[in-house]
>>> print(open('protein.pdb').read())   # PDB, C-alpha atoms
ATOM      1  CA  MET V   1      -7.219   2.500 -18.605
ATOM      2  CA  ILE V   2      -4.784   0.201 -16.857
ATOM      3  CA  VAL V   3      -1.051   0.710 -17.395
ATOM      4  CA  THR V   4       0.626  -2.681 -17.811
ATOM      5  CA  ALA V   5       3.431  -3.832 -15.530
ATOM      6  CA  ALA V   6       5.845  -3.696 -18.465
ATOM      7  CA  LYS V   7       4.952  -0.043 -19.112
ATOM      8  CA  VAL V   8       5.219   0.847 -15.399
ATOM      9  CA  LEU V   9       8.716  -0.642 -15.355
ATOM     10  CA  GLU V  10       9.588   1.452 -18.419
ATOM     11  CA  LEU V  11       8.177   4.645 -16.837
ATOM     12  CA  ARG V  12      10.088   4.138 -13.548
ATOM     13  CA  GLU V  13      13.264   5.776 -14.836
ATOM     14  CA  LYS V  14      11.529   9.044 -15.649
ATOM     15  CA  HIS V  15       8.694   9.147 -13.104
ATOM     16  CA  GLY V  16       9.723   6.991 -10.131
ATOM     17  CA  LEU V  17       6.359   5.285  -9.588
ATOM     18  CA  ILE V  18       7.579   2.366  -7.451
ATOM     19  CA  GLU V  19      10.900   1.495  -5.804
ATOM     20  CA  GLY V  20      12.191  -1.545  -3.950
ATOM     21  CA  LEU V  21      10.621  -4.120  -6.262
ATOM     22  CA  SER V  22      11.780  -7.709  -5.940
ATOM     23  CA  LYS V  23      14.021  -9.202  -8.598
ATOM     24  CA  ARG V  24      11.047 -11.256  -9.821
ATOM     25  CA  GLU V  25       8.925  -8.150 -10.391
ATOM     26  CA  ARG V  26      11.734  -6.171 -12.032
ATOM     27  CA  ARG V  27      12.604  -8.962 -14.462
ATOM     28  CA  ASN V  28       9.510 -11.054 -15.060
ATOM     29  CA  PRO V  29       6.234  -9.599 -13.708
ATOM     30  CA  GLU V  30       3.109 -11.677 -14.213
ATOM     31  CA  GLY V  31       0.005 -10.079 -15.715
ATOM     32  CA  VAL V  32      -0.778  -6.360 -15.644
ATOM     33  CA  GLY V  33       0.264  -5.547 -12.085
ATOM     34  CA  LEU V  34       3.325  -5.698  -9.877
ATOM     35  CA  GLU V  35       3.275  -7.666  -6.649
ATOM     36  CA  VAL V  36       4.269  -5.925  -3.413
ATOM     37  CA  ARG V  37       5.652  -7.591  -0.300
ATOM     38  CA  LEU V  38       5.122  -7.514   3.444
ATOM     39  CA  GLY V  39       7.738  -5.259   5.014
ATOM     40  CA  THR V  40       6.516  -4.901   8.570
ATOM     41  CA  ALA V  41       3.346  -4.983  10.645
ATOM     42  CA  TYR V  42       1.782  -2.921  13.413
ATOM     43  CA  GLU V  43      -0.651  -3.764  16.187
ATOM     44  CA  LEU V  44      -3.141  -1.139  17.368
ATOM     45  CA  SER V  45      -2.973  -0.444  21.087
ATOM     46  CA  SER V  46      -5.374   2.371  22.048
ATOM     47  CA  ASP V  47      -8.647   4.027  21.194
ATOM     48  CA  GLY V  48      -8.986   6.545  18.392
ATOM     49  CA  PHE V  49     -11.516   8.877  16.800
ATOM     50  CA  LEU V  50     -12.301  10.692  13.555
ATOM     51  CA  GLY V  51     -14.130  13.986  13.873
ATOM     52  CA  THR V  52     -15.087  16.588  11.304
ATOM     53  CA  GLU V  53     -12.023  18.742  11.982
ATOM     54  CA  THR V  54      -9.690  16.636  14.119
ATOM     55  CA  ARG V  55      -8.658  13.013  14.563
ATOM     56  CA  ASP V  56      -6.491  10.773  16.684
ATOM     57  CA  THR V  57      -5.735   7.301  15.437
ATOM     58  CA  PRO V  58      -4.960   4.413  17.767
ATOM     59  CA  ASP V  59      -1.348   4.097  18.846
ATOM     60  CA  SER V  60       0.505   1.449  16.888
ATOM     61  CA  LYS V  61       3.383  -0.800  17.822
ATOM     62  CA  GLU V  62       5.652  -2.490  15.293
ATOM     63  CA  VAL V  63       5.454  -6.231  15.907
ATOM     64  CA  LEU V  64       7.554  -7.778  13.160
ATOM     65  CA  GLU V  65      11.317  -8.201  13.452
ATOM     66  CA  GLU V  66      13.627  -8.866  10.514
ATOM     67  CA  GLY V  67      13.042 -12.337   9.046
ATOM     68  CA  GLU V  68      10.017 -13.154  11.224
ATOM     69  CA  TRP V  69       6.566 -14.418  10.413
ATOM     70  CA  LEU V  70       3.424 -12.454  11.262
ATOM     71  CA  GLU V  71       1.087 -14.727  13.221
ATOM     72  CA  ILE V  72      -2.512 -13.638  12.536
ATOM     73  CA  GLY V  73      -4.822 -15.385  14.946
ATOM     74  CA  SER V  74      -8.553 -15.667  14.391
ATOM     75  CA  GLY V  75     -10.054 -12.183  14.818
ATOM     76  CA  ASP V  76      -6.669 -10.402  14.868
ATOM     77  CA  TYR V  77      -6.198  -7.121  12.974
ATOM     78  CA  TYR V  78      -2.892  -5.578  11.879
ATOM     79  CA  LEU V  79      -1.688  -2.718   9.765
ATOM     80  CA  VAL V  80       0.852  -3.990   7.260
ATOM     81  CA  GLU V  81       3.427  -1.902   5.424
ATOM     82  CA  THR V  82       5.013  -2.802   2.113
ATOM     83  CA  VAL V  83       8.712  -3.227   1.387
ATOM     84  CA  GLU V  84       8.143  -1.212  -1.781
ATOM     85  CA  GLU V  85       7.570   2.542  -1.828
ATOM     86  CA  VAL V  86       5.536   4.417  -4.387
ATOM     87  CA  GLU V  87       6.195   7.862  -5.772
ATOM     88  CA  VAL V  88       3.001   8.828  -7.554
ATOM     89  CA  PRO V  89       3.674  11.802  -9.839
ATOM     90  CA  ALA V  90       1.686  14.923  -8.964
ATOM     91  CA  GLU V  91       1.841  15.980 -12.606
ATOM     92  CA  PRO V  92       0.194  14.176 -15.543
ATOM     93  CA  VAL V  93       2.213  11.552 -17.391
ATOM     94  CA  GLU V  94       2.101  11.191 -21.179
ATOM     95  CA  LEU V  95       1.053   7.741 -22.351
ATOM     96  CA  ALA V  96       0.232   6.887 -25.974
ATOM     97  CA  GLY V  97      -0.031  10.584 -26.862
ATOM     98  CA  THR V  98      -2.449  11.373 -24.024
ATOM     99  CA  GLU V  99      -1.727  13.042 -20.687
ATOM    100  CA  ALA V 100      -3.272  11.596 -17.554
ATOM    101  CA  HIS V 101      -2.546  11.316 -13.868
ATOM    102  CA  LEU V 102      -1.595   7.905 -12.571
ATOM    103  CA  MET V 103      -3.205   6.356  -9.526
ATOM    104  CA  PRO V 104      -2.212   2.995  -8.077
ATOM    105  CA  ASP V 105      -4.948   0.570  -7.128
ATOM    106  CA  VAL V 106      -4.125  -2.453  -4.985
ATOM    107  CA  TYR V 107      -5.699  -5.894  -4.885
ATOM    108  CA  PRO V 108      -4.991  -8.661  -2.361
ATOM    109  CA  ARG V 109      -3.415 -11.891  -3.519
ATOM    110  CA  SER V 110      -6.078 -14.555  -3.790
ATOM    111  CA  THR V 111      -4.184 -16.736  -1.291
ATOM    112  CA  LEU V 112      -5.194 -14.261   1.429
ATOM    113  CA  GLN V 113      -8.880 -14.509   0.498
ATOM    114  CA  ARG V 114      -8.678 -18.283   0.278
ATOM    115  CA  SER V 115      -7.200 -18.308   3.784
ATOM    116  CA  GLY V 116      -9.825 -16.104   5.461
ATOM    117  CA  ILE V 117      -7.684 -12.952   5.531
ATOM    118  CA  TYR V 118      -9.634  -9.767   4.838
ATOM    119  CA  PHE V 119      -7.394  -7.185   3.159
ATOM    120  CA  LYS V 120      -8.363  -3.516   3.240
ATOM    121  CA  GLY V 121      -6.566  -0.968   1.094
ATOM    122  CA  THR V 122      -7.308   2.670   0.384
ATOM    123  CA  ASN V 123      -6.803   4.907  -2.606
ATOM    124  CA  THR V 124      -3.385   6.385  -3.279
ATOM    125  CA  ASN V 125      -3.659   9.763  -4.961
ATOM    126  CA  PRO V 126      -1.206  11.500  -7.284
ATOM    127  CA  GLY V 127       1.396  13.280  -5.162
ATOM    128  CA  TYR V 128       1.732  10.566  -2.497
ATOM    129  CA  SER V 129       5.194   9.225  -1.796
ATOM    130  CA  GLY V 130       6.086   6.438   0.622
ATOM    131  CA  PRO V 131       5.288   2.853   1.543
ATOM    132  CA  LEU V 132       1.752   1.552   1.244
ATOM    133  CA  ILE V 133      -0.126   0.617   4.405
ATOM    134  CA  PHE V 134      -3.099  -1.740   4.486
ATOM    135  CA  GLY V 135      -5.272  -3.426   7.053
ATOM    136  CA  VAL V 136      -5.497  -7.212   7.356
ATOM    137  CA  LYS V 137      -7.918  -9.115   9.569
ATOM    138  CA  ASN V 138      -8.289 -12.822  10.040
ATOM    139  CA  VAL V 139     -12.019 -13.476   9.653
ATOM    140  CA  SER V 140     -11.644 -17.255   9.750
ATOM    141  CA  ASP V 141     -11.579 -19.587  12.727
ATOM    142  CA  GLN V 142      -8.056 -20.722  11.848
ATOM    143  CA  ASP V 143      -4.697 -19.053  12.459
ATOM    144  CA  PHE V 144      -2.667 -17.819   9.493
ATOM    145  CA  ARG V 145       1.008 -16.880   9.087
ATOM    146  CA  LEU V 146       2.615 -14.379   6.721
ATOM    147  CA  GLU V 147       6.355 -14.421   6.169
ATOM    148  CA  GLN V 148       8.111 -11.076   6.052
ATOM    149  CA  GLY V 149       8.945 -10.447   2.386
ATOM    150  CA  SER V 150       6.061 -12.557   1.072
ATOM    151  CA  ARG V 151       3.991 -11.147  -1.792
ATOM    152  CA  ILE V 152       0.710  -9.912  -0.318
ATOM    153  CA  ALA V 153      -0.877  -7.700  -2.976
ATOM    154  CA  GLU V 154      -0.787  -6.626  -6.597
ATOM    155  CA  ILE V 155      -0.478  -2.952  -7.475
ATOM    156  CA  VAL V 156      -2.040  -1.783 -10.742
ATOM    157  CA  PHE V 157      -1.533   1.756 -12.037
ATOM    158  CA  LYS V 158      -4.585   3.339 -13.649
ATOM    159  CA  GLN V 159      -4.929   6.517 -15.664
ATOM    160  CA  ALA V 160      -7.124   9.328 -14.311
ATOM    161  CA  TYR V 161      -8.321  11.945 -16.785
ATOM    162  CA  GLY V 162      -9.692  15.440 -16.301
ATOM    163  CA  GLY V 163      -7.018  17.196 -14.259
ATOM    164  CA  LEU V 164      -6.713  17.710 -10.512
ATOM    165  CA  GLU V 165      -7.514  20.678  -8.333
ATOM    166  CA  ARG V 166      -4.470  19.708  -6.262
ATOM    167  CA  ALA V 167      -2.294  16.665  -5.707
ATOM    168  CA  TYR V 168      -2.100  14.779  -2.414
ATOM    169  CA  GLU V 169      -0.650  16.893   0.400
ATOM    170  CA  GLY V 170      -2.033  14.902   3.306
ATOM    171  CA  GLN V 171      -0.550  14.091   6.659
ATOM    172  CA  TRP V 172       0.075  10.432   5.814
ATOM    173  CA  GLN V 173       2.754  11.409   3.285
ATOM    174  CA  GLY V 174       5.846   9.241   3.640
ATOM    175  CA  GLY V 175       4.062   6.313   5.246
ATOM    176  CA  ARG V 176       3.225   7.635   8.705
ATOM    177  CA  VAL V 177       1.339   4.869  10.492
ATOM    178  CA  SER V 178      -0.395   6.664  13.397
ATOM    179  CA  THR V 179      -0.980  10.142  14.739
ATOM    180  CA  ASP V 180       1.109  11.168  17.755
ATOM    181  CA  SER V 181      -1.899  12.802  19.413
ATOM    182  CA  GLU V 182      -5.067  14.615  18.424
ATOM    183  CA  GLU V 183      -4.422  16.641  15.283
ATOM    184  CA  GLU V 184      -6.254  18.953  12.951
ATOM    185  CA  GLN V 185      -6.979  17.413   9.575
ATOM    186  CA  ILE V 186      -5.719  19.263   6.518
TER     187      ILE V 186
END
>>> encode(input="protein.pdb", output="structure tokens")
Amino acid sequence: MIVTAAKVLELREKHGLIEGLSKRERRNPEGVGLEVRLGTAYELSSDGFLGTETRDTPDSKEVLEEGEWLEIGSGDYYLVETVEEVEVPAEPVELAGTEAHLMPDVYPRSTLQRSGIYFKGTNTNPGYSGPLIFGVKNVSDQDFRLEQGSRIAEIVFKQAYGGLERAYEGQWQGGRVSTDSEEEQI
């Protein structure tokens, strides 16, 4: 079941859920989700690998200064980080007399799709805290620009039933963008 934006705003005081929302989202959200904004962007600058026990992601370099636009040329790929930060409770939350874990799901704004920008998000499990990081790639033949602070995606909180063996404890906690070197996966 989807938790409406109005209910998420109500639950923020007790459970955190999402911080740094724009005035528009805090006062007058549209539909069931809350829109999140482009905070910064990173360019990948080296090779990486994912093994069964270890990994090393490509090095990343922040490429967006305060107040700038992100220029996404045809074929370009960037990691983008949101202004907003989530704090997904590790414990179940009571909603309408039922306890369930909450898990945010993110959808790109349709403007990105209509402009040839492929948006790739991942799941965000209960227990994660930090900014959200997504991939964007320009799959069109035309250049595209994103202004820092522009709304790029809609976050929708969903209920997950059945309990968890354990909440998220992963190494990406807090919004880490890249590994520093080869590391063992936990």
>>> residues_around(input="protein.pdb", residues="Val32 of chain V", least_positions_apart="3", cutoff="12 Å", atoms="all atoms listed in the file", output="ChimeraX atom specification")
/V:1-9,25,28-29,35,105-107,154-158
>>> residues_around(input="protein.pdb", residues="Phe144 of chain V", least_positions_apart="4", cutoff="8 Å", atoms="all atoms listed in the file", output="PDB file with C-alpha atoms, in the coordinates of the input")
ATOM      1  CA  GLU V  71       1.087 -14.727  13.221  1.00  0.00           C
ATOM      2  CA  ILE V  72      -2.512 -13.638  12.536  1.00  0.00           C
ATOM      3  CA  GLY V  73      -4.822 -15.385  14.946  1.00  0.00           C
ATOM      4  CA  SER V  74      -8.553 -15.667  14.391  1.00  0.00           C
ATOM      5  CA  SER V 115      -7.200 -18.308   3.784  1.00  0.00           C
ATOM      6  CA  ASN V 138      -8.289 -12.822  10.040  1.00  0.00           C
TER       7      ASN V 138
END
>>> residues_around(input="protein.pdb", residues="Arg12 of chain V", least_positions_apart="4", cutoff="12 Å", atoms="all atoms listed in the file", output="ChimeraX atom specification")
/V:5-8,16-21,26,86-89,93,157
>>> atom_distance(input="protein.pdb", atom1="atom CA of Arg151 of chain V", atom2="atom CA of Tyr128 of chain V")
21.8 Å
>>> atom_distance(input="protein.pdb", atom1="atom CA of Phe119 of chain V", atom2="atom CA of Asp76 of chain V")
12.2 Å
>>> closest_atom_pairs(input="protein.pdb", of="segment 96-148 of chain V", to="segment 169-174 of chain V", cutoff="10 Å", atoms="only C-alpha atoms", output="JSON lines")
{"residue": "V:Asn125", "atom": "CA", "partner": "V:Glu169", "partner_atom": "CA", "distance": 9.4}
{"residue": "V:Pro126", "atom": "CA", "partner": "V:Glu169", "partner_atom": "CA", "distance": 9.4}
{"residue": "V:Gly127", "atom": "CA", "partner": "V:Glu169", "partner_atom": "CA", "distance": 6.9}
{"residue": "V:Tyr128", "atom": "CA", "partner": "V:Gln173", "partner_atom": "CA", "distance": 5.9}
{"residue": "V:Ser129", "atom": "CA", "partner": "V:Gly174", "partner_atom": "CA", "distance": 5.5}
{"residue": "V:Gly130", "atom": "CA", "partner": "V:Gly174", "partner_atom": "CA", "distance": 4.1}
{"residue": "V:Pro131", "atom": "CA", "partner": "V:Gly174", "partner_atom": "CA", "distance": 6.7}
{"residue": "V:Leu132", "atom": "CA", "partner": "V:Gly174", "partner_atom": "CA", "distance": 9.0}
{"residue": "V:Ile133", "atom": "CA", "partner": "V:Trp172", "partner_atom": "CA", "distance": 9.9}
>>> residues_around(input="protein.pdb", residues="Asp56 of chain V", least_positions_apart="5", cutoff="8 Å", atoms="only C-alpha atoms", output="PyMOL selection string")
chain V and resi 48-50+179-183
>>> write_last_selection(input="protein.pdb", atoms="C-alpha atoms", output="PDB file, keeping the file's coordinate frame")
ATOM      1  CA  GLY V  48      -8.986   6.545  18.392  1.00  0.00           C
ATOM      2  CA  PHE V  49     -11.516   8.877  16.800  1.00  0.00           C
ATOM      3  CA  LEU V  50     -12.301  10.692  13.555  1.00  0.00           C
ATOM      4  CA  THR V 179      -0.980  10.142  14.739  1.00  0.00           C
ATOM      5  CA  ASP V 180       1.109  11.168  17.755  1.00  0.00           C
ATOM      6  CA  SER V 181      -1.899  12.802  19.413  1.00  0.00           C
ATOM      7  CA  GLU V 182      -5.067  14.615  18.424  1.00  0.00           C
ATOM      8  CA  GLU V 183      -4.422  16.641  15.283  1.00  0.00           C
TER       9      GLU V 183
END
>>> axis_aligned_box(input="protein.pdb", around="segment 135-141 of chain V", padding_each_side="8 Å", output="lines of an AutoDock Vina configuration file")
center_x = -8.6
center_y = -11.5
center_z = 9.9
size_x = 22.7
size_y = 32.2
size_z = 21.7
>>> resolve_selection(input="protein.pdb", expression="the PyMOL selection byres ((chain V and resi 58) around 7)", output="number ranges by chain")
V: 44-48, 56-57, 59-60, 178
>>> resolve_selection(input="protein.pdb", expression="the PyMOL selection byres ((chain V and resi 163) around 12)", output="list in words")
Ala90, Glu91, Pro92, Val93, Glu99, Ala100, His101, Leu102, Pro126, Gln159, Ala160, Tyr161, Gly162, Leu164, Glu165, Arg166 and Ala167 of chain V
>>> residues_around(input="protein.pdb", residues="Thr40 of chain V", least_positions_apart="3", cutoff="6 Å", atoms="only C-alpha atoms", output="JSON, numbers by chain")
{"V": [64, 80, 81]}
>>> atom_distance(input="protein.pdb", atom1="atom CA of Gly175 of chain V", atom2="atom CA of Ser22 of chain V")
19.5 Å
>>> residues_near_point(input="protein.pdb", point="(4.2, -16.3, 2.1)", cutoff="10 Å", atoms="all atoms listed in the file", output="ChimeraX atom specification")
/V:37-38,69-70,111-112,145-152
